[in-house]
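Q: One file: upload.cif (mmCIF, C-alpha atoms).
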```
data_structure
loop_
_atom_site.label_atom_id
_atom_site.label_comp_id
_atom_site.auth_asym_id
_atom_site.auth_seq_id
_atom_site.Cartn_x
_atom_site.Cartn_y
_atom_site.Cartn_z
CA PRO A 1 -19.81 -28.09 -29.08
CA PRO A 2 -21.53 -24.72 -29.66
CA PRO A 3 -25.34 -24.76 -29.91
CA PRO A 4 -26.74 -25.83 -33.28
CA PRO A 5 -27.60 -23.16 -35.85
CA PRO A 6 -31.21 -22.10 -36.39
CA PRO A 7 -33.48 -24.26 -38.59
CA SER A 8 -33.02 -21.82 -41.48
CA SER A 9 -29.57 -23.35 -42.07
CA PHE A 10 -31.07 -26.81 -42.70
CA ASN A 11 -29.92 -28.22 -46.02
CA SER A 12 -30.54 -31.37 -48.02
CA GLY A 13 -26.94 -32.11 -49.00
CA GLU A 14 -25.42 -35.57 -49.14
CA SER A 15 -24.33 -35.46 -45.50
CA MET A 16 -27.91 -34.78 -44.38
CA THR A 17 -29.20 -37.57 -46.59
CA LEU A 18 -26.67 -39.99 -45.10
CA LEU A 19 -27.64 -38.93 -41.60
CA ARG A 20 -31.33 -39.38 -42.28
CA SER A 21 -30.78 -42.84 -43.81
CA ALA A 22 -28.67 -43.97 -40.86
CA LEU A 23 -31.20 -42.77 -38.30
CA GLU A 24 -34.12 -44.35 -40.13
CA ALA A 25 -32.23 -47.63 -40.54
CA ALA A 26 -31.52 -47.65 -36.80
CA GLY A 27 -35.18 -47.02 -36.00
CA VAL A 28 -34.63 -43.59 -34.44
CA PRO A 29 -37.33 -40.95 -35.05
CA CYS A 30 -35.68 -38.49 -37.42
CA THR A 31 -36.64 -34.96 -36.41
CA GLN A 32 -35.34 -31.85 -38.12
CA GLU A 33 -33.82 -30.70 -34.84
CA LEU A 34 -31.89 -33.97 -34.52
CA LEU A 35 -30.60 -33.79 -38.09
CA ILE A 36 -29.42 -30.20 -37.66
CA THR A 37 -27.77 -30.96 -34.31
CA LEU A 38 -25.89 -34.00 -35.58
CA ASP A 39 -24.83 -32.31 -38.82
CA TYR A 40 -23.51 -29.31 -36.90
CA TYR A 41 -21.78 -31.52 -34.33
CA ILE A 42 -20.04 -33.50 -37.05
CA ARG A 43 -18.84 -30.29 -38.75
CA HIS A 44 -17.50 -29.08 -35.41
CA ARG A 45 -15.77 -32.42 -34.93
CA LEU A 46 -14.12 -32.07 -38.32
CA ARG A 47 -12.87 -28.59 -37.42
CA THR A 48 -11.31 -29.77 -34.16
CA LYS A 49 -10.15 -33.22 -35.35
CA PRO A 50 -9.67 -32.88 -39.10
CA THR A 51 -9.18 -35.86 -41.33
CA SER A 52 -6.47 -35.84 -43.97
CA SER A 53 -8.95 -34.73 -46.62
CA SER A 54 -10.35 -31.93 -44.50
CA SER A 55 -6.82 -30.90 -43.46
CA SER A 56 -5.69 -30.49 -47.05
CA SER A 57 -8.90 -28.65 -47.88
CA SER A 58 -8.51 -26.20 -45.01
CA SER A 59 -4.80 -25.66 -45.69
CA SER A 60 -5.45 -24.89 -49.35
CA SER A 61 -8.17 -22.39 -48.47
CA GLY A 62 -6.22 -20.94 -45.55
CA SER A 63 -9.37 -20.89 -43.46
CA SER A 64 -10.76 -22.76 -40.43
CA ALA A 65 -14.34 -22.52 -41.66
CA SER A 66 -16.68 -25.52 -41.57
CA PRO A 67 -15.79 -28.22 -44.11
CA PRO A 68 -18.01 -28.31 -47.20
CA PRO A 69 -20.85 -30.85 -47.24
CA ASP A 70 -19.05 -33.23 -49.62
CA VAL A 71 -16.06 -33.47 -47.23
CA THR A 72 -18.43 -34.04 -44.32
CA ALA A 73 -20.23 -36.78 -46.26
CA ALA A 74 -16.92 -38.43 -47.16
CA TYR A 75 -15.91 -38.36 -43.51
CA LEU A 76 -19.20 -40.00 -42.51
CA ARG A 77 -18.79 -42.72 -45.11
CA THR A 78 -15.32 -43.60 -43.81
CA LEU A 79 -16.81 -44.14 -40.34
CA SER A 80 -19.26 -46.75 -41.65
CA PHE A 81 -21.57 -44.82 -39.40
CA PRO A 82 -24.87 -46.60 -40.21
CA GLN A 83 -23.52 -49.78 -38.60
CA THR A 84 -21.93 -47.79 -35.79
CA LEU A 85 -25.15 -45.94 -35.09
CA THR A 86 -27.24 -49.11 -35.20
CA ALA A 87 -24.93 -50.75 -32.66
CA SER A 88 -25.13 -47.72 -30.37
CA VAL A 89 -28.92 -47.59 -30.66
CA THR A 90 -29.13 -51.31 -29.84
CA ALA A 91 -27.04 -50.67 -26.73
CA LEU A 92 -29.32 -47.80 -25.70
CA LEU A 93 -32.44 -49.89 -26.30
CA SER A 94 -31.01 -52.52 -23.95
CA LEU A 95 -31.22 -49.89 -21.19
CA SER A 96 -35.03 -49.90 -21.54
CA LEU A 97 -34.99 -46.63 -23.48
CA THR A 98 -37.50 -46.10 -26.27
CA PRO A 99 -36.67 -44.86 -29.80
CA ASP A 100 -38.16 -41.48 -28.84
CA ASP A 101 -35.90 -41.40 -25.77
CA ILE A 102 -32.88 -42.11 -27.97
CA SER A 103 -33.82 -39.38 -30.42
CA HIS A 104 -34.03 -36.95 -27.50
CA LEU A 105 -30.70 -38.17 -26.07
CA LEU A 106 -28.88 -37.76 -29.40
CA THR A 107 -30.30 -34.27 -29.77
CA SER A 108 -29.20 -33.29 -26.25
CA LEU A 109 -25.86 -35.14 -26.31
CA PRO A 110 -24.75 -35.67 -29.94
CA SER A 111 -21.40 -37.09 -28.83
CA LEU A 112 -23.33 -40.33 -28.17
CA PHE A 113 -23.48 -40.63 -31.95
CA PHE A 114 -19.78 -41.55 -31.94
CA THR A 115 -19.60 -43.29 -28.56
CA PRO A 116 -18.67 -46.99 -28.96
CA ALA A 117 -21.60 -49.31 -28.31
CA SER A 118 -19.51 -51.35 -25.88
CA LYS A 119 -18.90 -48.26 -23.75
CA ILE A 120 -22.58 -47.30 -23.79
CA SER A 121 -23.59 -50.85 -22.87
CA SER A 122 -21.13 -51.38 -20.02
CA ARG A 123 -21.43 -47.97 -18.42
CA GLY A 124 -25.15 -47.62 -19.09
CA SER A 125 -25.97 -51.07 -17.75
CA SER A 126 -24.07 -50.38 -14.53
CA LEU A 127 -25.85 -47.05 -14.16
CA VAL A 128 -29.31 -48.48 -14.79
CA ARG A 129 -28.69 -51.33 -12.34
CA THR A 130 -27.61 -48.79 -9.74
CA LEU A 131 -30.66 -46.61 -10.32
CA LYS A 132 -33.14 -49.50 -10.35
CA HIS A 133 -31.76 -51.85 -7.73
CA LYS A 134 -29.83 -49.63 -5.33
CA MET A 135 -31.79 -46.41 -5.74
CA ARG A 136 -35.01 -48.36 -6.40
CA LEU A 137 -36.20 -45.97 -9.08
CA ARG A 138 -38.99 -47.06 -11.36
CA SER A 139 -38.20 -47.67 -15.05
CA TYR A 140 -40.21 -44.59 -15.98
CA ASP A 141 -38.21 -42.44 -13.54
CA VAL A 142 -34.93 -43.83 -14.91
CA ARG A 143 -35.97 -42.97 -18.47
CA ARG A 144 -37.07 -39.48 -17.48
CA LEU A 145 -33.82 -38.93 -15.57
CA LEU A 146 -31.69 -39.99 -18.53
CA ARG A 147 -33.69 -37.84 -20.95
CA SER A 148 -33.21 -34.74 -18.79
CA HIS A 149 -29.60 -35.54 -17.84
CA PRO A 150 -28.01 -37.59 -20.65
CA GLY A 151 -24.55 -36.84 -19.27
CA LEU A 152 -25.19 -39.60 -16.73
CA LEU A 153 -24.48 -42.12 -19.50
CA THR A 154 -20.91 -40.84 -19.91
CA SER A 155 -20.18 -39.94 -16.26
CA PRO A 156 -18.63 -42.14 -13.55
CA LEU A 157 -21.05 -44.01 -11.33
CA PRO A 158 -22.36 -41.95 -8.39
CA PRO A 159 -20.47 -42.41 -5.07
CA LEU A 160 -23.39 -44.05 -3.23
CA GLY A 161 -21.05 -45.67 -0.69
CA MET A 162 -19.66 -42.28 0.30
CA TYR A 163 -23.15 -40.84 0.65
CA ALA A 164 -24.20 -43.78 2.82
CA ARG A 165 -21.28 -43.20 5.19
CA LEU A 166 -22.44 -39.60 5.50
CA GLY A 167 -25.92 -40.77 6.46
CA VAL A 168 -27.51 -40.00 3.08
CA THR A 169 -29.31 -43.17 2.06
CA PRO A 170 -30.73 -44.01 -1.39
CA SER A 171 -34.22 -43.43 0.01
CA ASN A 172 -33.16 -39.93 1.11
CA MET A 173 -31.89 -39.14 -2.37
CA ARG A 174 -34.92 -40.70 -4.03
CA SER A 175 -37.27 -38.54 -1.99
CA ARG A 176 -35.48 -35.36 -3.12
CA LYS A 177 -36.05 -35.63 -6.86
CA ASP A 178 -35.06 -32.00 -7.33
CA LEU A 179 -31.60 -32.80 -5.93
CA LEU A 180 -31.23 -36.31 -7.32
CA PRO A 181 -29.34 -35.21 -10.48
CA LEU A 182 -26.93 -33.26 -8.27
CA TYR A 183 -26.28 -36.34 -6.13
CA LEU A 184 -25.71 -38.51 -9.18
CA LEU A 185 -23.56 -36.13 -11.23
CA THR A 186 -21.27 -34.73 -8.52
CA PRO A 187 -17.86 -36.48 -8.70
CA ALA A 188 -16.64 -38.22 -5.55
CA PRO A 189 -13.65 -35.81 -5.10
CA ASP A 190 -16.06 -32.85 -5.10
CA VAL A 191 -18.25 -34.55 -2.48
CA LEU A 192 -15.16 -35.15 -0.35
CA ASN A 193 -14.04 -31.53 -0.70
CA ALA A 194 -17.49 -30.32 0.35
CA VAL A 195 -17.38 -32.58 3.41
CA LEU A 196 -13.92 -31.31 4.36
CA TRP A 197 -15.07 -27.71 4.03
CA LEU A 198 -18.21 -28.30 6.10
CA THR A 199 -16.36 -30.08 8.92
CA SER A 200 -13.52 -27.53 9.06
CA THR A 201 -14.42 -24.06 7.87
CA GLY A 202 -18.16 -24.60 8.21
CA ARG A 203 -17.74 -26.16 11.70
CA VAL A 204 -20.41 -28.75 11.00
CA GLY A 205 -20.26 -31.88 13.11
CA TRP A 206 -19.59 -35.13 11.28
CA ASP A 207 -22.94 -36.56 12.32
CA ASP A 208 -24.71 -33.52 10.84
CA VAL A 209 -22.96 -33.47 7.46
CA GLY A 210 -25.54 -35.73 5.88
CA LYS A 211 -28.37 -33.48 7.05
CA VAL A 212 -26.68 -30.47 5.49
#
```
Have the structure of the file written as structure tokens, please.
A:
Amino acid sequence: PPPPPPPSSFNSGESMTLLRSALEAAGVPCTQELLITLDYYIRHRLRTKPTSSSSSSSSSSGSSASPPPDVTAAYLRTLSFPQTLTASVTALLSLSLTPDDISHLLTSLPSLFFTPASKISSRGSSLVRTLKHKMRLRSYDVRRLLRSHPGLLTSPLPPLGMYARLGVTPSNMRSRKDLLPLYLLTPAPDVLNAVLWLTSTGRVGWDDVGKV
């Protein structure tokens, strides 16, 4: 969604109160930036995927403006979002993330707020196992990586097998921390396309692809 509005737009309506209560109940540090980001994300979500109440409201007004706070609050209540958020936070905590890490992740990637806990747990656990056991990253490095690149939690697992066949080992990737996010976030088809370009148009020998 678009970037959140400036802090001057912060309000204390029912939707903000519900958000604050849910975050505090889940044990997530409740910063003003996080509240504003989530509130704005939810309003954007309502504009793009309106509920029946928001649809009738927008049709009667003839406008696509943000839903009023009471509609947003009603939408949040129908999601039973305190329980949903608590489940998601529990899943994130199981990945060795701290409450501060989770607050940062939700601020950077507010869609996690509505990501099913089962999806976070299964995909996140596989990712963390890959980073710790195959990449041999320390827990601190894993946390720092996820904080700076939260999209890893919703992306497919990195194609480590393909990299290995190209001569790029986990130790190679681990030593290049500036390029590690690129290795982990680049989809396998894009890696394959780069290899095909290098070996054809770029005239790079197969044995030298990994070095490039």
Q: List as a ChimeraX atom specification the protein and nucleic acid residues near Leu146 of chain A, meaning an atom at most 12 Å away when all atoms listed in the file are counted, but skip any in the same chain fewer than 2 places from it.
A: /A:92,95-98,101-102,104-106,108-109,124,127-128,131,139-144,148-155,180-181,184-185
Q: Around (-17.9, -44.4, -28.3), as given in the file, which residues come within 12 Å? Count only C-alpha atoms and list them as a list in words.
A: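 The requested residues, written out, are Phe81, Thr84, Leu85, Ala87, Ser88, Val89, Ala91, Pro110, Ser111, Leu112, Phe113, Phe114, Thr115, Pro116, Ala117, Ser118, Lys119, Ile120, Ser121, Ser122, Arg123, Leu153 and Thr154 of chain A.
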Q: When the PyMOL selection byres ((chain A and resi 195) around 12) is applied to the structure above, which residues does it catch, written out as a ChimeraX atom specification?
A: /A:162-163,165-166,188-194,196-212
Q: Starting from the PyMOL selection byres ((chain A and resi 18-20) around 10), expand the selection into actual residues of this file and give them as a PyMOL selection string.
A: chain A and resi 12-17+21-26+28-32+34-36+38-39+73+76-77+81-82+85
Q: Please, what distance in Å, to one decimal, runs between atom CA of Ala74 of chain A and atom CA of Thr37 of chain A?
A: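 About the pair atom CA of Ala74 of chain A and atom CA of Thr37 of chain A: they are 18.4 Å apart.
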Q: For Leu182 of chain A, please output as a ChimeraX atom specification all residues within 10 Å (counting all atoms listed in the file; exclusion window: fewer than 4 positions along the same chain).
A: /A:158,173,177-178,186-187
Q: What does the distance from atom CA of Arg174 of chain A to atom CA of Pro99 of chain A come to in Å, to one decimal?
A: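 Those two atoms sit 26.2 Å apart.
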